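Participant: My structure file work-v5.txt, compact mmCIF, C-alpha atoms, is below:
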# COMPACT_ATOMS: atom_id res chain seq x y z
CA MET M 162 -130.10 157.40 -82.41
CA LYS M 163 -127.05 156.54 -84.44
CA ARG M 164 -124.43 154.89 -82.34
CA ASN M 165 -120.72 155.48 -82.62
CA SER M 166 -119.45 153.23 -85.40
CA LYS M 167 -115.82 153.71 -84.48
CA ILE M 168 -116.42 152.22 -81.08
CA LYS M 169 -118.24 149.37 -82.71
CA GLU M 170 -115.31 148.69 -85.03
CA GLU M 171 -112.91 148.75 -82.13
CA ILE M 172 -115.04 146.35 -80.11
CA TRP M 173 -115.27 143.86 -82.96
CA SER M 174 -111.56 144.04 -83.66
CA ASP M 175 -111.23 142.11 -80.41
CA PHE M 176 -113.69 139.46 -81.59
CA ASP M 177 -112.65 139.15 -85.19
CA SER M 178 -114.66 136.37 -86.79
CA SER M 179 -112.05 135.45 -89.40
CA LYS M 180 -109.24 135.28 -86.87
CA ASN M 181 -111.22 133.03 -84.60
CA PHE M 182 -112.23 130.83 -87.52
CA GLN M 183 -108.62 130.44 -88.59
CA LYS M 184 -107.59 129.48 -85.07
CA ILE M 185 -110.35 126.90 -84.90
CA MET M 186 -109.29 125.38 -88.22
CA ASN M 187 -105.65 125.29 -87.13
CA ARG M 188 -106.59 123.46 -83.97
CA THR M 189 -108.63 120.89 -85.86
CA LYS M 190 -105.59 120.17 -88.04
CA GLU M 191 -103.35 119.91 -84.99
CA GLU M 192 -105.76 117.52 -83.37
CA LYS M 193 -105.88 115.33 -86.46
CA ASN M 194 -102.08 115.22 -86.66
CA SER M 195 -101.85 114.55 -82.96
CA SER M 196 -104.46 111.82 -83.25
CA THR M 197 -102.54 110.16 -86.12
CA ARG M 198 -99.32 110.36 -84.13
CA ASN M 199 -101.09 108.93 -81.09
CA ASP M 200 -102.52 106.10 -83.20
CA TRP M 201 -99.02 105.22 -84.35
CA LYS M 202 -97.72 105.41 -80.81
CA ILE M 203 -100.51 103.17 -79.55
CA MET M 204 -99.82 100.67 -82.33
CA LEU M 205 -96.12 100.62 -81.58
CA VAL M 206 -96.62 100.26 -77.85
CA THR M 207 -99.20 97.50 -78.33
CA SER M 208 -96.93 95.63 -80.73
CA PHE M 209 -94.01 96.02 -78.37
CA VAL M 210 -96.00 94.72 -75.41
CA PHE M 211 -97.28 91.84 -77.52
CA LEU M 212 -93.75 90.92 -78.59
CA ILE M 213 -92.56 91.07 -75.01
CA LEU M 214 -95.40 88.81 -73.90
CA ILE M 215 -94.73 86.30 -76.67
CA GLY M 216 -91.00 86.42 -76.05
CA GLY M 217 -91.55 86.10 -72.34
CA PHE M 218 -93.80 83.12 -72.86
CA PHE M 219 -91.17 81.31 -74.87
CA CYS M 220 -88.44 82.28 -72.47
CA ILE M 221 -90.41 80.92 -69.57
CA LYS M 222 -91.61 77.85 -71.41
CA GLY M 223 -88.07 76.55 -71.78
CA PRO M 224 -87.11 76.93 -68.15
CA ILE M 225 -90.45 75.54 -67.02
CA ALA M 226 -89.96 72.50 -69.17
CA GLN M 227 -86.45 72.22 -67.86
CA MET M 228 -87.73 72.54 -64.32
CA LYS M 229 -90.26 69.81 -64.93
CA LYS M 230 -87.57 67.60 -66.34
CA GLU M 231 -85.34 68.38 -63.44
CA LYS M 232 -88.18 67.65 -61.07
CA HIS M 233 -88.63 64.31 -62.74
CA ILE M 234 -84.97 63.65 -62.52
CA VAL M 235 -84.84 64.86 -58.94
CA GLU M 236 -87.80 62.70 -58.04
CA ASN M 237 -86.48 59.60 -59.70
CA GLY M 238 -82.85 60.48 -59.74
CA ASN M 239 -80.71 59.60 -62.68
CA PHE M 240 -82.05 56.09 -62.66
CA GLN M 241 -84.85 54.01 -63.99
CA ILE M 242 -86.25 50.72 -62.78
CA PHE M 243 -87.68 48.14 -65.12
CA ALA M 244 -89.47 44.90 -64.42
CA LEU M 245 -88.30 42.35 -66.99
CA SER M 246 -90.13 39.41 -68.29
CA ASN M 247 -88.36 36.26 -67.37
CA SER M 248 -88.41 35.01 -70.88
CA GLU M 249 -85.02 34.00 -72.13
CA GLU M 250 -85.80 34.62 -75.75
CA LYS M 251 -87.01 38.17 -75.62
CA GLU M 252 -86.53 40.79 -73.00
CA VAL M 253 -89.61 42.88 -72.35
CA LYS M 254 -89.15 45.88 -70.12
CA LYS M 255 -91.88 47.55 -68.10
CA GLU M 256 -90.75 50.69 -66.32
CA LEU M 257 -91.81 50.99 -62.71
CA LYS M 258 -93.36 54.40 -62.13
CA GLU M 259 -94.67 55.81 -58.94
CA ASN M 260 -98.01 54.49 -57.75
CA ILE M 261 -98.56 52.42 -60.87
CA HIS M 262 -99.22 48.72 -60.41
CA VAL M 263 -97.13 46.82 -62.93
CA PRO M 264 -98.02 43.16 -63.48
CA LEU M 265 -95.06 40.83 -63.33
CA LYS M 266 -94.96 37.82 -65.61
CA ASN M 267 -96.00 34.66 -63.86
CA TYR M 268 -93.08 33.03 -62.26
CA ASN M 269 -92.87 29.58 -61.02
CA GLU M 270 -89.78 29.11 -59.00
CA ALA M 271 -89.80 25.38 -59.30
CA MET M 272 -90.11 25.32 -63.03
CA SER M 273 -87.96 28.23 -64.04
CA SER M 274 -84.27 28.41 -64.46
CA VAL M 275 -84.36 32.06 -63.55
CA PRO M 276 -83.68 32.52 -59.85
CA GLY M 277 -86.34 35.17 -59.29
CA PHE M 278 -88.20 38.16 -60.64
CA PRO M 279 -85.72 40.10 -62.77
CA ILE M 280 -85.57 43.82 -62.11
CA LEU M 281 -83.26 46.06 -64.12
CA PHE M 282 -81.76 48.98 -62.24
CA LYS M 283 -80.53 51.45 -64.87
CA LEU M 284 -78.15 54.00 -63.44
CA GLU M 285 -76.94 57.14 -65.18
CA GLY M 286 -73.89 59.21 -64.40
CA ASN M 287 -70.42 58.25 -63.34
CA ASP M 288 -70.78 58.57 -59.61
CA SER M 289 -74.15 56.89 -59.19
CA GLN M 290 -74.67 54.30 -56.55
CA MET M 291 -77.70 52.34 -55.50
CA GLU M 292 -78.14 50.45 -52.27
CA ILE M 293 -80.83 47.77 -52.45
CA ILE M 294 -82.29 46.22 -49.33
CA VAL M 295 -84.96 43.55 -49.53
CA LYS M 296 -87.36 42.38 -46.85
CA ASN M 297 -89.11 39.03 -47.15
CA GLY M 298 -86.89 37.92 -49.99
CA ASN M 299 -83.40 37.53 -51.38
CA ILE M 300 -81.30 39.07 -54.09
CA TYR M 301 -79.55 37.03 -56.76
CA THR M 302 -77.45 37.63 -59.77
CA TRP M 303 -77.61 35.30 -62.73
CA VAL M 304 -75.49 34.86 -65.79
CA PRO M 305 -77.74 33.33 -68.43
CA SER M 306 -74.89 32.07 -70.59
CA SER M 307 -73.29 30.06 -67.88
CA GLY M 308 -76.31 29.60 -65.70
CA ILE M 309 -74.34 30.68 -62.64
CA VAL M 310 -76.55 32.03 -59.88
CA THR M 311 -75.05 34.08 -57.07
CA LEU M 312 -76.88 34.81 -53.83
CA LEU M 313 -76.29 38.38 -52.67
CA GLY M 314 -78.50 38.15 -49.64
CA GLU M 315 -80.87 40.80 -48.41
CA LYS M 316 -78.68 43.74 -49.26
CA THR M 317 -76.43 44.81 -52.07
CA ILE M 318 -74.86 47.92 -53.56
CA ILE M 319 -74.49 48.51 -57.29
CA ASN M 320 -72.50 51.22 -59.07
CA GLU M 321 -73.69 50.60 -62.57
CA SER M 322 -76.76 49.36 -64.37
CA GLN M 323 -77.52 45.80 -63.46
CA THR M 324 -80.28 43.27 -63.54
CA LEU M 325 -80.93 41.64 -60.18
CA TYR M 326 -83.22 38.76 -59.45
CA PHE M 327 -85.53 38.77 -56.52
CA GLN M 328 -86.79 35.71 -54.76
CA VAL M 329 -90.08 36.90 -53.32
CA GLN M 330 -92.57 35.79 -50.74
CA LYS M 331 -96.11 36.96 -50.21
CA ASP M 332 -95.21 40.61 -49.67
CA THR M 333 -91.70 41.50 -50.54
CA ILE M 334 -90.37 44.98 -50.03
CA ILE M 335 -87.34 46.30 -51.84
CA ASP M 336 -85.96 49.56 -50.45
CA ILE M 337 -83.75 51.53 -52.77
CA ILE M 338 -81.35 54.27 -51.73
CA TYR M 339 -79.92 56.07 -54.70
CA ARG M 340 -76.92 58.31 -54.28
CA GLN M 341 -75.21 60.59 -56.71
CA GLY M 342 -72.80 63.01 -55.16
CA GLU M 343 -74.73 64.76 -52.45
CA LYS M 344 -78.04 63.72 -53.95
CA LYS M 345 -79.93 60.98 -52.12
CA ILE M 346 -83.23 59.51 -53.20
CA GLN M 347 -85.17 56.77 -51.48
CA LYS M 348 -87.79 54.64 -53.14
CA ARG M 349 -89.62 51.46 -52.34
CA ILE M 350 -90.75 48.62 -54.57
CA THR M 351 -93.47 46.45 -53.18
CA ILE M 352 -94.04 43.10 -54.83
CA TYR M 353 -97.31 41.49 -53.90
CA GLN M 354 -99.65 38.74 -55.05
CA ASP M 355 -103.32 39.10 -55.74
CA GLU M 356 -106.09 36.55 -55.16
CA ASP M 357 -105.37 34.89 -58.45
CA PHE M 358 -101.73 34.49 -57.51
CA ASN M 359 -100.60 37.12 -59.99
CA TYR M 360 -97.62 39.15 -58.97
CA TYR M 361 -97.51 42.94 -59.17
CA ALA M 362 -94.89 45.52 -58.45
CA ILE M 363 -95.50 49.09 -57.37
CA LEU M 364 -92.99 51.86 -56.90
CA THR M 365 -93.56 54.33 -54.05
CA ASN M 366 -91.64 56.86 -52.00
CA MET I 43 -120.90 113.76 -96.54
CA THR I 44 -117.28 114.20 -97.48
CA VAL I 45 -114.79 116.01 -95.29
CA LYS I 46 -114.85 119.08 -97.53
CA GLU I 47 -118.62 119.20 -97.46
CA LYS I 48 -118.56 118.98 -93.69
CA GLN I 49 -116.05 121.82 -93.54
CA LYS I 50 -118.18 123.92 -95.83
CA GLN I 51 -121.23 123.23 -93.71
CA PHE I 52 -119.30 124.18 -90.60
CA GLU I 53 -118.19 127.45 -92.15
CA ILE I 54 -121.75 128.40 -93.03
CA ILE I 55 -123.04 127.54 -89.56
CA TYR I 56 -120.16 129.46 -88.01
CA LYS I 57 -120.98 132.63 -89.92
CA ASP I 58 -124.69 132.34 -89.23
CA THR I 59 -124.34 131.78 -85.50
CA TYR I 60 -121.24 133.77 -84.65
CA GLU I 61 -122.89 136.92 -83.37
CA ASP I 62 -125.45 135.03 -81.37
CA ILE I 63 -122.88 132.80 -79.70
CA ILE I 64 -120.58 135.73 -78.96
CA LYS I 65 -123.48 137.51 -77.29
CA TYR I 66 -124.27 134.42 -75.22
CA ILE I 67 -120.69 133.95 -74.11
CA VAL I 68 -120.18 137.64 -73.30
CA CYS I 69 -123.33 137.68 -71.23
CA HIS I 70 -122.30 134.59 -69.28
CA SER I 71 -118.57 135.01 -68.86
CA SER I 72 -116.99 136.86 -65.98
CA ASN I 73 -114.12 138.29 -67.98
CA ILE I 74 -114.29 139.75 -71.46
CA GLY I 75 -110.77 138.44 -72.06
CA ASP I 76 -112.02 134.85 -71.84
CA VAL I 77 -114.62 135.22 -74.57
CA ASN I 78 -112.44 134.34 -77.56
CA ASP I 79 -111.02 131.22 -75.90
CA ILE I 80 -114.43 129.95 -74.88
CA LEU I 81 -115.81 130.76 -78.31
CA GLN I 82 -113.04 128.79 -80.03
CA GLU I 83 -113.56 125.85 -77.67
CA THR I 84 -117.27 125.92 -78.40
CA TYR I 85 -116.92 125.83 -82.15
CA LEU I 86 -114.09 123.30 -81.98
CA GLU I 87 -116.31 120.96 -80.02
CA PHE I 88 -119.09 121.53 -82.49
CA TYR I 89 -116.72 120.71 -85.35
CA ARG I 90 -115.73 117.44 -83.71
CA ILE I 91 -119.38 116.51 -83.31
CA LEU I 92 -120.14 117.49 -86.89
CA GLU I 93 -117.37 115.16 -88.10
CA ARG I 94 -119.00 112.24 -86.37
CA LYS I 95 -122.68 112.85 -87.00
CA ASN I 96 -125.25 115.09 -88.62
CA VAL I 97 -126.86 117.87 -86.62
CA ARG I 98 -130.38 119.08 -87.27
CA GLU I 99 -130.36 122.59 -88.73
CA GLU I 100 -133.27 123.92 -86.75
CA LYS I 101 -131.57 122.97 -83.48
CA ILE I 102 -128.07 124.21 -84.21
CA GLY I 103 -128.40 127.52 -82.35
CA ALA I 104 -129.61 125.88 -79.16
CA PHE I 105 -127.09 123.08 -79.58
CA LEU I 106 -124.22 125.53 -79.84
CA LYS I 107 -125.43 127.43 -76.80
CA GLY I 108 -125.50 124.16 -74.92
CA ILE I 109 -121.89 123.51 -75.84
CA ALA I 110 -120.99 127.10 -74.90
CA LYS I 111 -122.66 126.64 -71.53
CA ASN I 112 -120.59 123.53 -70.85
CA LYS I 113 -117.42 125.25 -71.90
CA LEU I 114 -118.21 128.18 -69.61
CA LYS I 115 -118.75 125.81 -66.71
CA LYS I 116 -115.54 124.00 -67.48
CA HIS I 117 -113.65 127.27 -67.80
CA TYR I 118 -114.83 128.78 -64.57
CA GLY I 119 -115.29 125.67 -62.49
CA ARG I 120 -117.98 124.80 -60.01
CA PHE I 121 -118.29 128.36 -58.76
CA TYR I 122 -119.34 129.51 -62.19
CA LYS I 123 -122.91 130.24 -61.23
CA ILE I 124 -121.92 132.30 -58.24
CA ARG I 125 -119.40 134.22 -60.30
CA THR I 126 -121.82 135.21 -62.98
CA TYR I 127 -124.14 136.80 -60.51
CA SER I 128 -123.10 137.71 -57.02
CA LEU I 129 -119.48 138.67 -57.59
CA PHE I 130 -120.17 141.23 -60.22
CA PHE I 131 -121.78 143.71 -57.95
CA LYS I 132 -120.92 143.09 -54.36
CA ASN I 133 -122.64 146.24 -53.35
CA GLU I 134 -125.30 148.00 -55.32
CA GLN I 135 -124.20 151.23 -53.70
CA GLU I 136 -121.22 151.07 -56.02
CA ILE I 137 -123.46 152.22 -58.81
CA GLU I 138 -124.26 155.82 -58.54
CA TRP I 139 -127.91 155.88 -59.21
CA ILE I 140 -129.15 158.70 -61.31
CA GLU I 141 -132.79 159.39 -60.62
CA THR I 142 -133.65 160.52 -64.03
CA VAL I 143 -131.66 159.64 -67.07
CA LYS I 144 -132.53 161.45 -70.18
CA ASP I 145 -133.13 159.30 -73.19
CA ASP I 146 -130.59 161.20 -75.24
CA PHE I 147 -127.80 160.50 -72.83
CA ASP I 148 -126.00 158.35 -75.36
CA THR I 149 -123.32 160.69 -76.55
CA LEU I 150 -120.03 159.22 -77.50
CA ASP I 151 -119.70 161.97 -80.06
CA PHE I 152 -116.32 162.95 -78.74
CA VAL I 153 -114.91 159.67 -79.98
CA ILE I 154 -113.99 160.70 -83.46
CA ASN I 155 -110.90 158.73 -84.35
CA LYS I 156 -109.58 155.21 -84.17
CA GLU I 157 -106.95 156.02 -81.61
CA LEU I 158 -109.47 157.40 -79.17
CA SER I 159 -111.93 154.61 -79.78
CA LYS I 160 -109.17 152.15 -78.93
CA LYS I 161 -108.44 153.98 -75.69
CA VAL I 162 -112.11 154.07 -74.79
CA TRP I 163 -112.57 150.35 -75.39
CA GLU I 164 -109.43 149.46 -73.45
CA TYR I 165 -110.73 151.63 -70.61
CA ILE I 166 -114.09 149.90 -70.69
CA LYS I 167 -112.51 146.44 -70.63
CA LYS I 168 -110.85 147.25 -67.34
CA LYS I 169 -114.12 148.18 -65.72
CA LYS I 170 -116.31 145.73 -63.86
CA PRO I 171 -117.48 142.84 -66.05
CA LEU I 172 -121.11 143.94 -66.02
CA ILE I 173 -120.23 147.38 -67.28
CA THR I 174 -118.13 145.86 -70.05
CA LYS I 175 -120.99 143.57 -71.00
CA VAL I 176 -123.53 146.37 -71.11
CA PHE I 177 -121.17 148.43 -73.23
CA PHE I 178 -120.49 145.53 -75.58
CA LEU I 179 -124.14 144.70 -76.02
CA TYR I 180 -125.08 148.33 -76.57
CA TYR I 181 -122.30 149.42 -78.91
CA GLY I 182 -121.10 146.09 -80.26
CA LEU I 183 -124.40 144.41 -80.97
CA ASP I 184 -126.67 147.48 -81.14
CA LEU I 185 -129.14 146.04 -78.63
CA THR I 186 -131.73 148.28 -77.04
CA ILE I 187 -131.85 149.00 -73.32
CA LYS I 188 -134.76 146.63 -73.01
CA GLU I 189 -132.96 143.85 -74.87
CA ILE I 190 -129.83 144.29 -72.75
CA ALA I 191 -131.95 144.19 -69.59
CA ASN I 192 -133.45 140.88 -70.78
CA GLU I 193 -130.10 139.35 -71.67
CA LEU I 194 -128.47 140.25 -68.38
CA ASN I 195 -131.52 139.82 -66.22
CA LEU I 196 -131.48 143.39 -65.04
CA SER I 197 -134.02 146.18 -64.87
CA GLU I 198 -134.05 148.70 -67.67
CA SER I 199 -133.31 151.53 -65.26
CA LYS I 200 -130.27 149.70 -64.05
CA VAL I 201 -128.94 149.27 -67.57
CA LYS I 202 -129.62 152.92 -68.27
CA ASN I 203 -127.81 153.97 -65.17
CA ILE I 204 -124.79 151.83 -65.96
CA LEU I 205 -124.56 153.27 -69.43
CA TYR I 206 -125.12 156.85 -68.36
CA ARG I 207 -122.56 156.67 -65.60
CA THR I 208 -119.99 155.03 -67.84
CA LEU I 209 -120.48 157.51 -70.64
CA LYS I 210 -120.21 160.43 -68.21
CA GLU I 211 -116.99 158.93 -66.94
CA LEU I 212 -115.68 158.50 -70.47
CA ARG I 213 -116.52 162.05 -71.36
CA ASP I 214 -114.77 163.34 -68.27
CA THR I 215 -111.72 161.18 -68.98
CA PHE I 216 -111.38 161.35 -72.74
CA GLY I 217 -113.61 164.20 -73.82
CA LYS I 218 -110.91 166.78 -73.04
CA GLU I 219 -108.50 165.11 -75.51
CA ASN I 220 -110.50 166.43 -78.36
CA GLU I 221 -110.76 169.90 -77.07
Could I get this structure in the form of structure tokens?
Facilitator:
Amino acid sequence: MKRNSKIKEEIWSDFDSSKNFQKIMNRTKEEKNSSTRNDWKIMLVTSFVFLILIGGFFCIKGPIAQMKKEKHIVENGNFQIFALSNSEEKEVKKELKENIHVPLKNYNEAMSSVPGFPILFKLEGNDSQMEIIVKNGNIYTWVPSSGIVTLLGEKTIINESQTLYFQVQKDTIIDIIYRQGEKKIQKRITIYQDEDFNYYAILTN
Amino acid sequence: MTVKEKQKQFEIIYKDTYEDIIKYIVCHSSNIGDVNDILQETYLEFYRILERKNVREEKIGAFLKGIAKNKLKKHYGRFYKIRTYSLFFKNEQEIEWIETVKDDFDTLDFVINKELSKKVWEYIKKKKPLITKVFFLYYGLDLTIKEIANELNLSESKVKNILYRTLKELRDTFGKENE
């Protein structure tokens, strides 16, 4: 039986093959464009994040380094301590650092014109002050040119860099109180002798 | 394969499979108005796959139906299976069963112009989905009663009854316009 062709036409007008095909093709183009745009967006965002990370790293690196430096300064204050060789011809400085045993040049009190182990206290800043208290020893000053030796006793206060000479016994302890404004730092230098009669100095808290 | 060659291949496959896929989607959708959207989604997905890899020609039909099935599920959600069956006919009493339907019942002869055919089709689209499907398969794809029964998993008598009842209704509604 022949079916109604007009109905058939009307039905298929709702499901037009060409129209659907065109819509599909349009959507594929839109997707491609959208994908390209998204690729660019992803690239930009990634680059931006990368730049922020790099920038952040360098921004932090500076302050971290500064913090480390400040920590060092805070720990040691604006000062340094050096053990000097008691040679009159050439001054050799060995910085005393925390928990490091520094050998001191052999010193024979009887045979040396130097009154004791020379230790240089190097102060920085205008308002720095260092109080030095020694146990089992004495503090001297010495002027090499004139040879004048001055006994300071077991305690002294210095306001600028100065070399002091320490007459030591078996275990001599030098307590240091550094002040700069409201800042106060305490350290201890222990001078001791080993079995071979070599002297060492060690800086501690 | 270049992009143009892929597009050409897609166009050929589209034309070859269009009717078959439309039939599949109509049979499995719960609203005739969704068919075009699901069809476009199906072929769009197929196009994306074709851009990435080659598809074996002998399996394209089944492959496309697989995509269509997924799109139908996605479109209708997890209740898709229930919708395609139980919600169409809540009560079989809704169909007025005709004991004997003559084989020459198919008479849409009163539909003689485009305007009327449009009205008839719009009327049919508002009917229950199963009626619309039967009508589409019968008049749109020229399937036999037996073929429609197979597609929709119905008995032949049921398909006949649906058609007969609908046509009677159409004649009563629109047949007078031509008088």
Participant: Could you please select, counting only C-alpha atoms, the residues of chain I within 10 Å of chain M and state them as number ranges by chain?
Facilitator: I: 49, 53, 56-57, 60-61, 64, 74-75, 77-79, 81-87, 89-90, 145-146, 148-164, 167, 177-178, 180-184
Participant: Calculate how many Å separate atom CA of Pro279 of chain M from atom CA of Leu325 of chain M, rounding to one decimal.
Facilitator: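 A separation of 5.7 Å between them.
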Participant: I'd like the neighbourhood of Gly314 of chain M as a PyMOL selection string, where a residue qualifies if any of its atoms comes within 8 Å (using only C-alpha atoms), though same-chain residues fewer than 3 positions away should be ignored.
Facilitator: chain M and resi 299-301+317
Participant: I'd like the contact shell of His262 of chain M - 9 Å cut-off, only C-alpha atoms, skipping same-chain residues fewer than 6 positions apart - returned as a compact mmCIF listing (two decimals) with C-alpha atoms, in the coordinates of the input.
Facilitator:
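To be explicit, this is the file written out as part_30.txt:
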# COMPACT_ATOMS: atom_id res chain seq x y z
CA TYR M 361 -97.51 42.94 -59.17
CA ALA M 362 -94.89 45.52 -58.45
CA ILE M 363 -95.50 49.09 -57.37
CA LEU M 364 -92.99 51.86 -56.90
Participant: Please measure the separation of atom CA of Ile280 of chain M and atom CA of Phe243 of chain M, giving the value in Å to one decimal.
Facilitator: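 A separation of 5.7 Å between them.
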Participant: Please identify all polymer residues within 8 Å of Trp303 of chain M, counting only C-alpha atoms, omitting same-chain residues fewer than 2 positions from it, and present them as a PyMOL selection string.
Facilitator: chain M and resi 275-276+301+305+308-311+325-326
Participant: Atom CA of Thr302 of chain M and atom CA of Asn366 of chain M, how far apart in Å?
Facilitator: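 Interatomic distance here is 25.1 Å.
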Participant: Could you tell me which of M:Leu313, M:Leu212, M:Ile225, M:Leu257 comes closest to Gln241 of chain M if we count only C-alpha atoms?
Facilitator: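 Ranking M:Leu313, M:Leu212, M:Ile225, M:Leu257 by distance to Gln241 of chain M, first place goes to M:Leu257.
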Participant: Pick out the residues sitting within 8 Å of segment 99-106 of chain I, and hand them over as a list in words; count only C-alpha atoms, and ignore anything fewer than 2 positions along from it in its own chain.
Facilitator: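 Selected residues are Thr59, Ile63, Thr84, Tyr85, Phe88, Val97, Gly108, Ile109 and Ala110 of chain I.
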Participant: Restricting the calculation to only C-alpha atoms: of I:Ile204, I:Ile54, I:Val45, I:Ile67, which residue gets closest to Ile173 of chain I?
Facilitator: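 Smallest separation from Ile173 of chain I among the options: I:Ile204.
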